Amino acid sequence: MAKDQYRGRSGARRVRMSGRSALAAMAIALVATQPLGAQTVGTTATEKAFDAQISSADQLAWLKEMSSAPNHVGSPHDKANAEMELALFKQWGWDAHIETFKVLYPTPISTTLELLGPERVTLGGQEPQLGPDKLDGALPPYVAYQGDGDVTAPVVYVNYGMPDDYDSLARRGISVKGKIVIARYGGGWRGLKPKLAQEHGAVGCLIYSDPGDDGYARGDVYPKGGARPEGGVQRGSVMDMTTYPGDPLTPGVGATDNAKRLTRAEAKTILKIPALPISYGDAVKILAGLDGPVVTGRDRGGLPIPYHWGGSDAVKVHLAVKSDWSLKTLYDVIAVMKGSTRPDEWIVRGNHRDGWVFGADDPLSGQVALMSEAKALGVLAKSGWRPDRTLVYASWDGEEPGLLGSTEWAETHADELQAKAVLYINTDDTSRGFLGAEGSHTLQHFVNSIARDVPDPQTGVSVYDRLRASIRAGAYAGSGRDAGSGALEAAKAGGDIPIGALGSGSDYSSFIAHLGIPSVNLGFGGEGAGGGSYHSAYDTYYHVTNFDDPGLIYGATLSKFVGRMVLRAAAAPRVPVRYSDMAATVARYVGEVKKLAADQRDQDRALKDLNRDDVFKLTSNPVDPTAAPDDKGVTPLIDMLALEDASDHLTRASRAADAAFERASPDKVAKAMAVLKGVDQLLLDKDGLPGRPWYRNLIYAPGTLTGYGAKTLPGIREGIEQRHFDDAKEYVAKTAAALNRYADRLDAAVKLLKG
């Protein structure tokens with residue numbers, strides 16, 4: 001087991017007591033001596049008492065058991081894990097129960113993939129046995145919520161299958177209509193690949209992990225190393241989650257037994273064409289036979305063959321998928337520790353439990369960290385400590401196919417959550433390396449303050465200092481973060497490192513994007529196996545403990561990091577937020593959308609000049625002829641003065657609020673926080689974003705053409721990018737109004753704080 005750096009002496013003298021630990025008792029005594037106005041009231045002794053209960057050995061034992069059989073939705077072992085966790089939560093002193101939901105989930109019955117020409121070859125099927133872990137009971141590789149079907153057609157290579165790739169094909173006069181496309185993973189979210197193929201008239205879609213992105217170009221392949229082997233397949237969901245996540249049949253409401261349900265045909269998030277994920281060992285057999293122009297530059301992958309676009313009858317594929325489209329039961333484990341003085345203010349902490357197969361890394365590396373926290377908090381509670389605010393710990397089911405368990409729970413309890421939840425903390429998979437954090441930017445300073453206090457287990461410096469060093473080294477090597485975020489400047493100066501924006505891809509989505517609850521997503525990574533087991537049958541205990549996080553030392557570090565966040569948020573007079581961080585971030589986003597519109601306008605005008613001078617015609621390669629890009633007109637001027645004014649108002653109000661809170665007495669803080677209750681919900685729009693009303697947050701959303709990736713000021717940004725200029729103009733006004741509502745509320749709080 002990894003050395004626990006927080007074990008040791010707790011003070012100058014020992015205290016003999018019966019019925020509670022001396023260490024926990026000292027922690028409680030020290031809490032009482034802290035100034036009530038402090039932003040972080042969780043004390044060193046409390047946190048040491050917590051850390052003393054965090055054990056990598058515990059996490060390894062839980063991980064081995066929980067990943068010992070397949071954990072897909074509807075599997076017996078996924079339910080058994082829920083029941084095991086329920087028993088443990090109760091043993092640790094939590095008020096715990098299982099909450100169930102009935103969701104549409106397509107379990108594969110059969111998958112068929114045959115190469116029909118130039119020779120007949122059977123492809124697909126289960127991954128080969130590699131390493132010591134057995135693959136017994138694993139479902140065949142599949143993607144959830146594709147459209148079942150049986151098709152035979154020629155194949156077209158579409159690179160990553162993103163919008164720019166289809167533009168490139170169109171310039172070459174290559175159509176995918178009536179064809180089966182083959183796309184490599186990367187460049188954008190998986191679900192967009194079959195969706196865009198479908199929209200362009202394709203009848204089927206194959207997705208493979210190219211070794212140039214995810215395989216031997218990244219390192220030794222499994223089982224020698226952690227990179228994806230020739231037969232490894234990345235499963236995943238292709239549900240159109242950018243429209244809405246959760247059960248496809250119950251958008252906006254919980255999928256309870258009596259919920260009103262759409263028909264499968266009515267569900268907007270289910271695709272119409274069959275799709276399958278395949279290995280690069282199978283993909284090379286298809287790609288090797290394609291004809292047409294040679295693919296060059298960034299569009300070609302890393303297989304040792306010439307890549308061609310294809311499209312002729314030289315290569316035909318038979319693709320068939322059949323699924324069991326029945327309702328399956330989800331098992332969310334919900335554990336509650338009631339707050340002593342603020343029981344109606346909730347800190348919600350979640351991590352999902354289901355996996356595509358065994359799920360040892362994704363998600364169980366994060367799940368066992370959550371379990372360590374729950375056990376440690378239970379020990380503190382049995383020793384006499386109680387949180388001021390109520391803690392709600394959640395083990396979500398059904399995240400992988402579409403954020404099912406968290407979405408259905410959040411929709412079911414929406415009113416209560418909006419009234420009571422003050423913070424949602426999410427984790428997912430975690431591994432060895434550096435801190436990663438995304439979330440509501442009012443939490444940026446809070447995250448940094450904890451990062452400064454938690455030691456990195458490999459170096460002994462703080463998690464913050466190691467992250468800071470990583471940013472500086474990356475910038476020197478030319479591979480650092482976007483300079484526009486200010487990360488490098490902060491790293492050089494020792495200031496707060498900016499956190500990222502939340503898009504989608506894990507269970508925070510319902511909380512921040514639909515309900516307007518401040519949220520943060522945390523994890524470690526960057527030094528593990530590079531995702532080589534991601535969503536495959538090789539995501540096993542052996543892979544995690546040999547290549548991702550040996551000894552789960554970073555699993556224990558994640559528990560200590562999140563534990564501090566929970567302890568401090570639960571005890572402080574107010575959840576530690578800094579409004580000026582959010583205002584500064586919004587101001588940066590405003591600058592970005594202004595620049596986006598100006599740059600796009602310049603590009604539009606440049607295209608007109610190039611077309612007038614026949615530049616594309618004169619430079620077309622006769623071996624690979626291409627036409628000029630489509631002229632889509634010139635991006636109009638979009639008046640953003642109202643947005644700039646609102647951002648300025650927010651900047652002034654947030655600075656005043658932060659300063660006033662620093663000087664205010666506890667009674668005034670309490671009155672001001674009553675005024676600010678639910679303030680983040682003022683950033684929601686009741687009508688939601690264009691074409692997707694489920695997403696209501698006007699500051700953060702997943703991109704319709706990025707999926708997991710965040711789009712900030714999404715109504716404006718996507719209106720410009722997708723040339724829906726009327727939407728952009730409408731959402732300038734809506735976003736400005738939301739920012740002014742938020743700033744007005746801060747102004748009201750400042751008046752109370754100043755008396």
# chains A, B, ... in the order shown; residues from 1 in each chain; ligands from 1
$ residues_around --residues "Ser67 of chain A" --least-positions-apart "3" --cutoff "9 Å" --atoms "only C-alpha atoms" --output "ChimeraX atom specification"
/A:62-64,70-71,77,355,357-360,364,539-541
$ residues_around --residues "Thr651 of chain A" --least-positions-apart "5" --cutoff "8 Å" --atoms "only C-alpha atoms" --output "NGL selection string"
:A and (580 or 583-584)
$ residues_around --residues "Ser536 of chain A" --least-positions-apart "4" --cutoff "8 Å" --atoms "only C-alpha atoms" --output "PDB file with N, CA, C and O atoms, in the first residue's frame"
ATOM      1  N   GLY A 232      -7.869  -4.357 -30.062  1.00  0.00           N
ATOM      2  CA  GLY A 232      -8.650  -3.585 -29.106  1.00  0.00           C
ATOM      3  C   GLY A 232      -9.704  -2.731 -29.785  1.00  0.00           C
ATOM      4  O   GLY A 232      -9.474  -2.164 -30.855  1.00  0.00           O
ATOM      5  N   VAL A 233     -10.859  -2.632 -29.152  1.00  0.00           N
ATOM      6  CA  VAL A 233     -11.984  -1.887 -29.724  1.00  0.00           C
ATOM      7  C   VAL A 233     -12.518  -0.903 -28.680  1.00  0.00           C
ATOM      8  O   VAL A 233     -12.736  -1.267 -27.525  1.00  0.00           O
ATOM      9  N   GLN A 234     -12.751   0.321 -29.118  1.00  0.00           N
ATOM     10  CA  GLN A 234     -13.362   1.333 -28.251  1.00  0.00           C
ATOM     11  C   GLN A 234     -14.872   1.320 -28.433  1.00  0.00           C
ATOM     12  O   GLN A 234     -15.391   1.746 -29.448  1.00  0.00           O
ATOM     13  N   ARG A 235     -15.573   0.798 -27.435  1.00  0.00           N
ATOM     14  CA  ARG A 235     -17.027   0.877 -27.422  1.00  0.00           C
ATOM     15  C   ARG A 235     -17.451   2.305 -27.071  1.00  0.00           C
ATOM     16  O   ARG A 235     -16.613   3.151 -26.791  1.00  0.00           O
ATOM     17  N   TRP A 356     -18.361  -0.197 -19.790  1.00  0.00           N
ATOM     18  CA  TRP A 356     -18.681  -0.882 -21.050  1.00  0.00           C
ATOM     19  C   TRP A 356     -18.408  -2.371 -20.942  1.00  0.00           C
ATOM     20  O   TRP A 356     -19.126  -3.184 -21.510  1.00  0.00           O
ATOM     21  N   VAL A 357     -17.353  -2.717 -20.224  1.00  0.00           N
ATOM     22  CA  VAL A 357     -17.121  -4.139 -19.920  1.00  0.00           C
ATOM     23  C   VAL A 357     -16.808  -4.189 -18.419  1.00  0.00           C
ATOM     24  O   VAL A 357     -17.705  -4.048 -17.606  1.00  0.00           O
TER      25      VAL A 357
END
$ select_by_dssp --residues "segment 368-567 of chain A" --states "strand (DSSP E or B)" --output "VMD selection string"
chain A and resid 389 to 396 421 to 427 433 to 439 455 462 500 519 to 526
$ closest_atom_pairs --of "segment 64-180 of chain A" --to "segment 328-332 of chain A" --cutoff "8 Å" --atoms "only C-alpha atoms" --output "JSON lines"
{"residue": "A:Val73", "atom": "CA", "partner": "A:Leu330", "partner_atom": "CA", "distance": 7.1}
{"residue": "A:Gly74", "atom": "CA", "partner": "A:Lys328", "partner_atom": "CA", "distance": 5.9}
{"residue": "A:Lys79", "atom": "CA", "partner": "A:Tyr331", "partner_atom": "CA", "distance": 6.7}
{"residue": "A:Ala82", "atom": "CA", "partner": "A:Tyr331", "partner_atom": "CA", "distance": 6.5}
{"residue": "A:Ile98", "atom": "CA", "partner": "A:Asp332", "partner_atom": "CA", "distance": 5.5}
{"residue": "A:Glu99", "atom": "CA", "partner": "A:Asp332", "partner_atom": "CA", "distance": 5.2}
{"residue": "A:Thr100", "atom": "CA", "partner": "A:Tyr331", "partner_atom": "CA", "distance": 4.9}
{"residue": "A:Phe101", "atom": "CA", "partner": "A:Leu330", "partner_atom": "CA", "distance": 5.1}
{"residue": "A:Lys102", "atom": "CA", "partner": "A:Thr329", "partner_atom": "CA", "distance": 4.7}
{"residue": "A:Val103", "atom": "CA", "partner": "A:Lys328", "partner_atom": "CA", "distance": 5.4}
{"residue": "A:Leu104", "atom": "CA", "partner": "A:Lys328", "partner_atom": "CA", "distance": 6.2}
{"residue": "A:Tyr105", "atom": "CA", "partner": "A:Lys328", "partner_atom": "CA", "distance": 6.1}
$ closest_atom_pairs --of "segment 171-266 of chain A" --to "segment 131-134 of chain A" --cutoff "9 Å" --atoms "only C-alpha atoms" --output "JSON lines"
{"residue": "A:Tyr222", "atom": "CA", "partner": "A:Gly131", "partner_atom": "CA", "distance": 7.6}
{"residue": "A:Pro223", "atom": "CA", "partner": "A:Gly131", "partner_atom": "CA", "distance": 5.4}
{"residue": "A:Lys224", "atom": "CA", "partner": "A:Gly131", "partner_atom": "CA", "distance": 8.7}
$ write_last_selection --atoms "N, CA, C and O atoms" --output "mmCIF file, in the first residue's frame"
data_model
loop_
_atom_site.group_PDB
_atom_site.id
_atom_site.type_symbol
_atom_site.label_atom_id
_atom_site.label_comp_id
_atom_site.auth_asym_id
_atom_site.auth_seq_id
_atom_site.Cartn_x
_atom_site.Cartn_y
_atom_site.Cartn_z
ATOM 1 N N TYR A 222 -0.753 -3.344 -25.273
ATOM 2 C CA TYR A 222 -1.143 -4.296 -24.232
ATOM 3 C C TYR A 222 -0.955 -5.738 -24.738
ATOM 4 O O TYR A 222 -1.251 -6.023 -25.891
ATOM 5 N N PRO A 223 -0.420 -6.685 -23.927
ATOM 6 C CA PRO A 223 -0.159 -6.551 -22.486
ATOM 7 C C PRO A 223 1.270 -6.140 -22.122
ATOM 8 O O PRO A 223 1.576 -5.999 -20.946
ATOM 9 N N LYS A 224 2.161 -5.929 -23.141
ATOM 10 C CA LYS A 224 3.507 -5.472 -22.802
ATOM 11 C C LYS A 224 3.463 -4.080 -22.200
ATOM 12 O O LYS A 224 4.183 -3.768 -21.254
#
$ closest_atom_pairs --of "segment 689-737 of chain A" --to "segment 399-423 of chain A" --cutoff "12 Å" --atoms "only C-alpha atoms" --output "CSV"
residue,atom,partner,partner_atom,distance
A:Trp694,CA,A:Glu411,CA,10.7
A:Gly707,CA,A:Gly402,CA,11.8
A:Tyr708,CA,A:Gly402,CA,11.7
$ write_last_selection --atoms "C-alpha atoms" --output "mmCIF file, in the first residue's frame"
data_model
loop_
_atom_site.group_PDB
_atom_site.id
_atom_site.type_symbol
_atom_site.label_atom_id
_atom_site.label_comp_id
_atom_site.auth_asym_id
_atom_site.auth_seq_id
_atom_site.Cartn_x
_atom_site.Cartn_y
_atom_site.Cartn_z
ATOM 1 C CA TRP A 694 -32.933 20.755 -22.441
ATOM 2 C CA GLY A 707 -20.028 16.649 -28.100
ATOM 3 C CA TYR A 708 -17.830 16.387 -25.023
#
$ residues_around --residues "segment 654-668 of chain A" --least-positions-apart "4" --cutoff "7 Å" --atoms "only C-alpha atoms" --output "list in words"
Leu36, Gly37, Arg578, Tyr579, Ser580, Ala583, Leu650, Ala672, Leu746, Val750, Leu752, Leu753 and Lys754 of chain A
$ write_last_selection --atoms "all heavy atoms" --output "short mmCIF file (atom, residue, chain, number, x, y, z; two decimals), in the first residue's frame"
data_model
loop_
_atom_site.label_atom_id
_atom_site.label_comp_id
_atom_site.auth_asym_id
_atom_site.auth_seq_id
_atom_site.Cartn_x
_atom_site.Cartn_y
_atom_site.Cartn_z
N LEU A 36 -15.42 32.56 12.31
CA LEU A 36 -16.60 32.24 11.53
C LEU A 36 -16.57 32.87 10.15
O LEU A 36 -17.22 32.38 9.23
CB LEU A 36 -17.86 32.68 12.29
CG LEU A 36 -18.18 31.88 13.55
CD1 LEU A 36 -19.37 32.51 14.26
CD2 LEU A 36 -18.45 30.43 13.22
N GLY A 37 -15.82 33.94 9.97
CA GLY A 37 -15.81 34.59 8.67
C GLY A 37 -14.83 33.96 7.69
O GLY A 37 -14.77 34.36 6.54
N ARG A 578 -15.51 32.74 -5.59
CA ARG A 578 -14.99 34.07 -5.88
C ARG A 578 -15.62 34.52 -7.19
O ARG A 578 -15.32 33.99 -8.25
CB ARG A 578 -13.46 34.06 -5.95
CG ARG A 578 -12.86 35.45 -5.81
CD ARG A 578 -11.41 35.42 -5.41
NE ARG A 578 -10.55 34.96 -6.47
CZ ARG A 578 -9.22 34.87 -6.37
NH1 ARG A 578 -8.62 35.17 -5.22
NH2 ARG A 578 -8.50 34.46 -7.38
N TYR A 579 -16.50 35.50 -7.09
CA TYR A 579 -17.30 35.91 -8.24
C TYR A 579 -16.46 36.60 -9.32
O TYR A 579 -16.77 36.50 -10.50
CB TYR A 579 -18.42 36.84 -7.77
CG TYR A 579 -19.36 36.18 -6.79
CD1 TYR A 579 -19.30 36.49 -5.43
CD2 TYR A 579 -20.28 35.23 -7.21
CE1 TYR A 579 -20.15 35.86 -4.52
CE2 TYR A 579 -21.14 34.61 -6.31
CZ TYR A 579 -21.06 34.93 -4.97
OH TYR A 579 -21.89 34.30 -4.07
N SER A 580 -15.39 37.27 -8.91
CA SER A 580 -14.58 37.98 -9.91
C SER A 580 -13.88 37.02 -10.86
O SER A 580 -13.57 37.39 -11.99
CB SER A 580 -13.57 38.89 -9.22
OG SER A 580 -12.78 38.18 -8.30
N ALA A 583 -16.43 36.47 -13.51
CA ALA A 583 -16.58 37.67 -14.33
C ALA A 583 -15.42 37.83 -15.31
O ALA A 583 -15.62 38.18 -16.47
CB ALA A 583 -16.69 38.90 -13.44
N LEU A 650 -21.08 42.97 -14.69
CA LEU A 650 -20.73 41.80 -13.90
C LEU A 650 -19.36 41.97 -13.26
O LEU A 650 -19.16 41.59 -12.09
CB LEU A 650 -20.77 40.55 -14.78
CG LEU A 650 -20.39 39.24 -14.11
CD1 LEU A 650 -21.37 38.90 -12.99
CD2 LEU A 650 -20.33 38.10 -15.12
N ALA A 672 -26.66 38.01 3.22
CA ALA A 672 -26.28 38.15 1.81
C ALA A 672 -26.41 36.82 1.08
O ALA A 672 -26.85 36.78 -0.08
CB ALA A 672 -24.85 38.68 1.70
N LEU A 746 -25.86 40.31 -7.29
CA LEU A 746 -24.64 40.63 -6.54
C LEU A 746 -24.72 42.03 -5.94
O LEU A 746 -24.32 42.25 -4.78
CB LEU A 746 -23.41 40.51 -7.44
CG LEU A 746 -23.00 39.11 -7.89
CD1 LEU A 746 -21.80 39.19 -8.83
CD2 LEU A 746 -22.67 38.21 -6.71
N VAL A 750 -24.34 43.08 -2.02
CA VAL A 750 -23.35 44.05 -1.54
C VAL A 750 -24.02 45.09 -0.63
O VAL A 750 -23.45 45.49 0.40
CB VAL A 750 -22.64 44.73 -2.73
CG1 VAL A 750 -21.82 45.93 -2.27
CG2 VAL A 750 -21.75 43.72 -3.44
N LEU A 752 -26.51 44.67 1.35
CA LEU A 752 -26.70 44.05 2.67
C LEU A 752 -25.38 43.93 3.42
O LEU A 752 -25.30 44.16 4.63
CB LEU A 752 -27.33 42.67 2.49
CG LEU A 752 -28.83 42.62 2.21
CD1 LEU A 752 -29.27 41.20 1.94
CD2 LEU A 752 -29.61 43.18 3.40
N LEU A 753 -24.33 43.54 2.68
CA LEU A 753 -23.04 43.35 3.32
C LEU A 753 -22.48 44.66 3.87
O LEU A 753 -21.81 44.69 4.91
CB LEU A 753 -22.05 42.75 2.32
CG LEU A 753 -22.31 41.29 1.91
CD1 LEU A 753 -21.49 40.93 0.69
CD2 LEU A 753 -21.98 40.35 3.07
N LYS A 754 -22.78 45.76 3.20
CA LYS A 754 -22.29 47.06 3.65
C LYS A 754 -23.21 47.71 4.67
O LYS A 754 -22.85 48.73 5.27
CB LYS A 754 -22.10 47.99 2.45
CG LYS A 754 -20.94 47.57 1.54
CD LYS A 754 -20.76 48.56 0.40
CE LYS A 754 -19.52 48.21 -0.41
NZ LYS A 754 -19.31 49.16 -1.53
#
$ closest_residue --among "A:Val151, A:Met162, A:Ile273, A:Ala283" --to "Leu319 of chain A" --atoms "only C-alpha atoms"
A:Val151
$ closest_residue --among "A:Tyr244, A:Tyr534, A:Phe511, A:Tyr157" --to "Ile174 of chain A" --atoms "only C-alpha atoms"
A:Tyr157
$ residues_around --residues "Gly378 of chain A" --least-positions-apart "6" --cutoff "9 Å" --atoms "only C-alpha atoms" --output "MDAnalysis selection string"
chainID A and resid 89 91:94 337
$ closest_atom_pairs --of "segment 542-602 of chain A" --to "segment 451-462 of chain A" --cutoff "12 Å" --atoms "only C-alpha atoms" --output "tab-separated table"
residue	atom	partner	partner_atom	distance
A:Asp549	CA	A:Gln458	CA	11.4
A:Pro550	CA	A:Gln458	CA	11.6
A:Gly551	CA	A:Pro457	CA	11.1
A:Leu552	CA	A:Pro457	CA	10.4
A:Ile553	CA	A:Pro457	CA	6.7
A:Tyr554	CA	A:Pro457	CA	7.0
A:Gly555	CA	A:Pro457	CA	10.2
A:Ala556	CA	A:Pro457	CA	9.0
A:Thr557	CA	A:Pro457	CA	7.2
A:Leu558	CA	A:Val454	CA	9.3
A:Ser559	CA	A:Val454	CA	10.4
A:Lys560	CA	A:Val454	CA	7.3
A:Phe561	CA	A:Val454	CA	6.4
A:Val562	CA	A:Val454	CA	10.1
A:Gly563	CA	A:Val454	CA	10.5
A:Arg564	CA	A:Val454	CA	8.8
A:Met565	CA	A:Ala451	CA	10.1
$ write_last_selection --atoms "all heavy atoms" --output "CSV table (one decimal), in the first residue's frame"
chain,number,residue,atom,x,y,z
A,549,ASP,N,-2.3,3.5,-12.8
A,549,ASP,CA,-2.1,4.0,-11.4
A,549,ASP,C,-1.6,2.9,-10.5
A,549,ASP,O,-2.4,2.5,-9.6
A,549,ASP,CB,-3.3,4.7,-10.9
A,549,ASP,CG,-3.1,5.4,-9.6
A,549,ASP,OD1,-1.9,5.6,-9.2
A,549,ASP,OD2,-4.1,5.8,-8.9
A,550,PRO,N,-0.4,2.4,-10.7
A,550,PRO,CA,0.1,1.3,-9.8
A,550,PRO,C,0.0,1.7,-8.4
A,550,PRO,O,0.4,2.8,-7.9
A,550,PRO,CB,1.6,1.2,-10.3
A,550,PRO,CG,1.6,1.7,-11.7
A,550,PRO,CD,0.6,2.8,-11.7
A,551,GLY,N,-0.6,0.8,-7.6
A,551,GLY,CA,-0.8,1.0,-6.2
A,551,GLY,C,-2.0,2.0,-5.9
A,551,GLY,O,-2.2,2.2,-4.7
A,552,LEU,N,-2.6,2.5,-6.9
A,552,LEU,CA,-3.7,3.5,-6.7
A,552,LEU,C,-3.3,4.6,-5.8
A,552,LEU,O,-4.0,5.2,-5.0
A,552,LEU,CB,-5.0,2.8,-6.2
A,552,LEU,CG,-5.6,1.8,-7.1
A,552,LEU,CD1,-7.0,1.4,-6.5
A,552,LEU,CD2,-5.8,2.4,-8.5
A,553,ILE,N,-2.0,5.1,-6.0
A,553,ILE,CA,-1.6,6.2,-5.1
A,553,ILE,C,-2.3,7.5,-5.5
A,553,ILE,O,-2.5,8.4,-4.6
A,553,ILE,CB,0.0,6.4,-5.2
A,553,ILE,CG1,0.5,6.7,-6.6
A,553,ILE,CG2,0.7,5.1,-4.6
A,553,ILE,CD1,1.9,7.1,-6.7
A,554,TYR,N,-2.6,7.7,-6.8
A,554,TYR,CA,-3.3,8.9,-7.2
A,554,TYR,C,-4.8,8.7,-6.9
A,554,TYR,O,-5.5,9.7,-6.7
A,554,TYR,CB,-3.1,9.2,-8.6
A,554,TYR,CG,-1.8,10.0,-8.8
A,554,TYR,CD1,-0.6,9.3,-9.1
A,554,TYR,CD2,-1.8,11.4,-8.6
A,554,TYR,CE1,0.6,10.1,-9.2
A,554,TYR,CE2,-0.6,12.1,-8.8
A,554,TYR,CZ,0.6,11.4,-9.0
A,554,TYR,OH,1.7,12.2,-9.1
A,555,GLY,N,-5.3,7.5,-6.8
A,555,GLY,CA,-6.7,7.3,-6.3
A,555,GLY,C,-6.8,7.8,-4.9
A,555,GLY,O,-7.8,8.5,-4.6
A,556,ALA,N,-5.8,7.5,-4.0
A,556,ALA,CA,-5.9,8.0,-2.7
A,556,ALA,C,-5.7,9.5,-2.7
A,556,ALA,O,-6.4,10.2,-1.9
A,556,ALA,CB,-4.8,7.4,-1.9
A,557,THR,N,-4.9,10.1,-3.6
A,557,THR,CA,-4.7,11.5,-3.6
A,557,THR,C,-6.0,12.2,-4.1
A,557,THR,O,-6.4,13.3,-3.5
A,557,THR,CB,-3.6,11.9,-4.6
A,557,THR,OG1,-2.4,11.2,-4.2
A,557,THR,CG2,-3.4,13.4,-4.6
A,558,LEU,N,-6.7,11.6,-5.0
A,558,LEU,CA,-8.0,12.2,-5.4
A,558,LEU,C,-9.0,12.2,-4.2
A,558,LEU,O,-9.7,13.2,-4.0
A,558,LEU,CB,-8.6,11.3,-6.6
A,558,LEU,CG,-10.0,11.8,-7.1
A,558,LEU,CD1,-9.8,13.2,-7.7
A,558,LEU,CD2,-10.5,10.9,-8.2
A,559,SER,N,-9.0,11.1,-3.4
A,559,SER,CA,-9.9,11.1,-2.2
A,559,SER,C,-9.6,12.2,-1.3
A,559,SER,O,-10.5,12.9,-0.8
A,559,SER,CB,-9.8,9.8,-1.5
A,559,SER,OG,-10.3,8.7,-2.3
A,560,LYS,N,-8.3,12.5,-1.1
A,560,LYS,CA,-7.9,13.6,-0.2
A,560,LYS,C,-8.2,14.9,-0.7
A,560,LYS,O,-8.6,15.9,0.0
A,560,LYS,CB,-6.4,13.5,0.1
A,560,LYS,CG,-6.0,12.2,0.9
A,560,LYS,CD,-4.5,12.0,1.0
A,560,LYS,CE,-4.2,10.7,1.7
A,560,LYS,NZ,-2.8,10.4,1.7
A,561,PHE,N,-8.1,15.1,-2.1
A,561,PHE,CA,-8.4,16.3,-2.7
A,561,PHE,C,-9.9,16.6,-2.6
A,561,PHE,O,-10.4,17.7,-2.1
A,561,PHE,CB,-8.0,16.3,-4.2
A,561,PHE,CG,-8.0,17.7,-4.8
A,561,PHE,CD1,-6.9,18.3,-5.1
A,561,PHE,CD2,-9.2,18.3,-5.2
A,561,PHE,CE1,-6.8,19.6,-5.7
A,561,PHE,CE2,-9.2,19.5,-5.8
A,561,PHE,CZ,-8.0,20.2,-6.0
A,562,VAL,N,-10.7,15.6,-3.0
A,562,VAL,CA,-12.2,15.8,-3.0
A,562,VAL,C,-12.7,15.9,-1.5
A,562,VAL,O,-13.6,16.7,-1.2
A,562,VAL,CB,-12.9,14.7,-3.7
A,562,VAL,CG1,-14.4,14.9,-3.6
A,562,VAL,CG2,-12.5,14.7,-5.2
A,563,GLY,N,-12.0,15.1,-0.6
A,563,GLY,CA,-12.4,15.2,0.8
A,563,GLY,C,-12.3,16.6,1.4
A,563,GLY,O,-13.2,17.1,2.1
A,564,ARG,N,-11.2,17.3,1.0
A,564,ARG,CA,-11.0,18.6,1.5
A,564,ARG,C,-12.1,19.5,0.9
A,564,ARG,O,-12.6,20.4,1.6
A,564,ARG,CB,-9.6,19.2,1.1
A,564,ARG,CG,-8.5,18.8,2.0
A,564,ARG,CD,-7.2,19.0,1.4
A,564,ARG,NE,-6.1,18.7,2.4
A,564,ARG,CZ,-5.8,17.5,2.9
A,564,ARG,NH1,-6.6,16.4,2.4
A,564,ARG,NH2,-4.9,17.3,3.8
A,565,MET,N,-12.4,19.3,-0.3
A,565,MET,CA,-13.5,20.2,-0.9
A,565,MET,C,-14.8,20.0,-0.2
A,565,MET,O,-15.5,20.9,0.1
A,565,MET,CB,-13.6,19.9,-2.4
A,565,MET,CG,-14.7,20.7,-3.1
A,565,MET,SD,-14.5,20.6,-4.9
A,565,MET,CE,-13.3,21.9,-5.2
$ select_by_dssp --residues "segment 495-701 of chain A" --states "helix (DSSP H, G or I)" --output "MDAnalysis selection string"
chainID A and resid 509:514 541:548 550:571 579:612 615:619 641:663 666:675 679:683
$ closest_residue --among "A:Leu684, A:Leu502, A:Ile450, A:Ala369" --to "His514 of chain A" --atoms "only C-alpha atoms"
A:Leu684
$ atom_distance --atom1 "atom CA of Pro118 of chain A" --atom2 "atom CA of Ile182 of chain A"
16.9 Å
$ closest_residue --among "A:Gly188, A:Trp309, A:Ser365, A:Gly225" --to "Val176 of chain A" --atoms "only C-alpha atoms"
A:Trp309
$ residues_around --residues "Pro636 of chain A" --least-positions-apart "4" --cutoff "10 Å" --atoms "only C-alpha atoms" --output "list in words"
Ala597, Ala598, Gln600, Arg601, Ile720, Arg723 and Phe725 of chain A
$ write_last_selection --atoms "C-alpha atoms" --output "short mmCIF file (atom, residue, chain, number, x, y, z; two decimals), in the first residue's frame"
data_model
loop_
_atom_site.label_atom_id
_atom_site.label_comp_id
_atom_site.auth_asym_id
_atom_site.auth_seq_id
_atom_site.Cartn_x
_atom_site.Cartn_y
_atom_site.Cartn_z
CA ALA A 597 -17.18 36.97 -35.78
CA ALA A 598 -14.50 39.35 -37.08
CA GLN A 600 -14.95 34.63 -39.87
CA ARG A 601 -15.99 37.80 -41.71
CA ILE A 720 -21.70 32.48 -35.54
CA ARG A 723 -23.94 30.70 -39.62
CA PHE A 725 -26.83 34.65 -37.45
#
$ residues_around --residues "segment 616-630 of chain A" --least-positions-apart "3" --cutoff "10 Å" --atoms "only C-alpha atoms" --output "list in words"
Asp167, Ser168, Leu169, Ala170, Arg171, Arg172, Gly173, Gly292, Pro293, Val294, Val295, Leu607, Lys608, Leu610, Asn611, Arg612, Asp613 and Gly633 of chain A
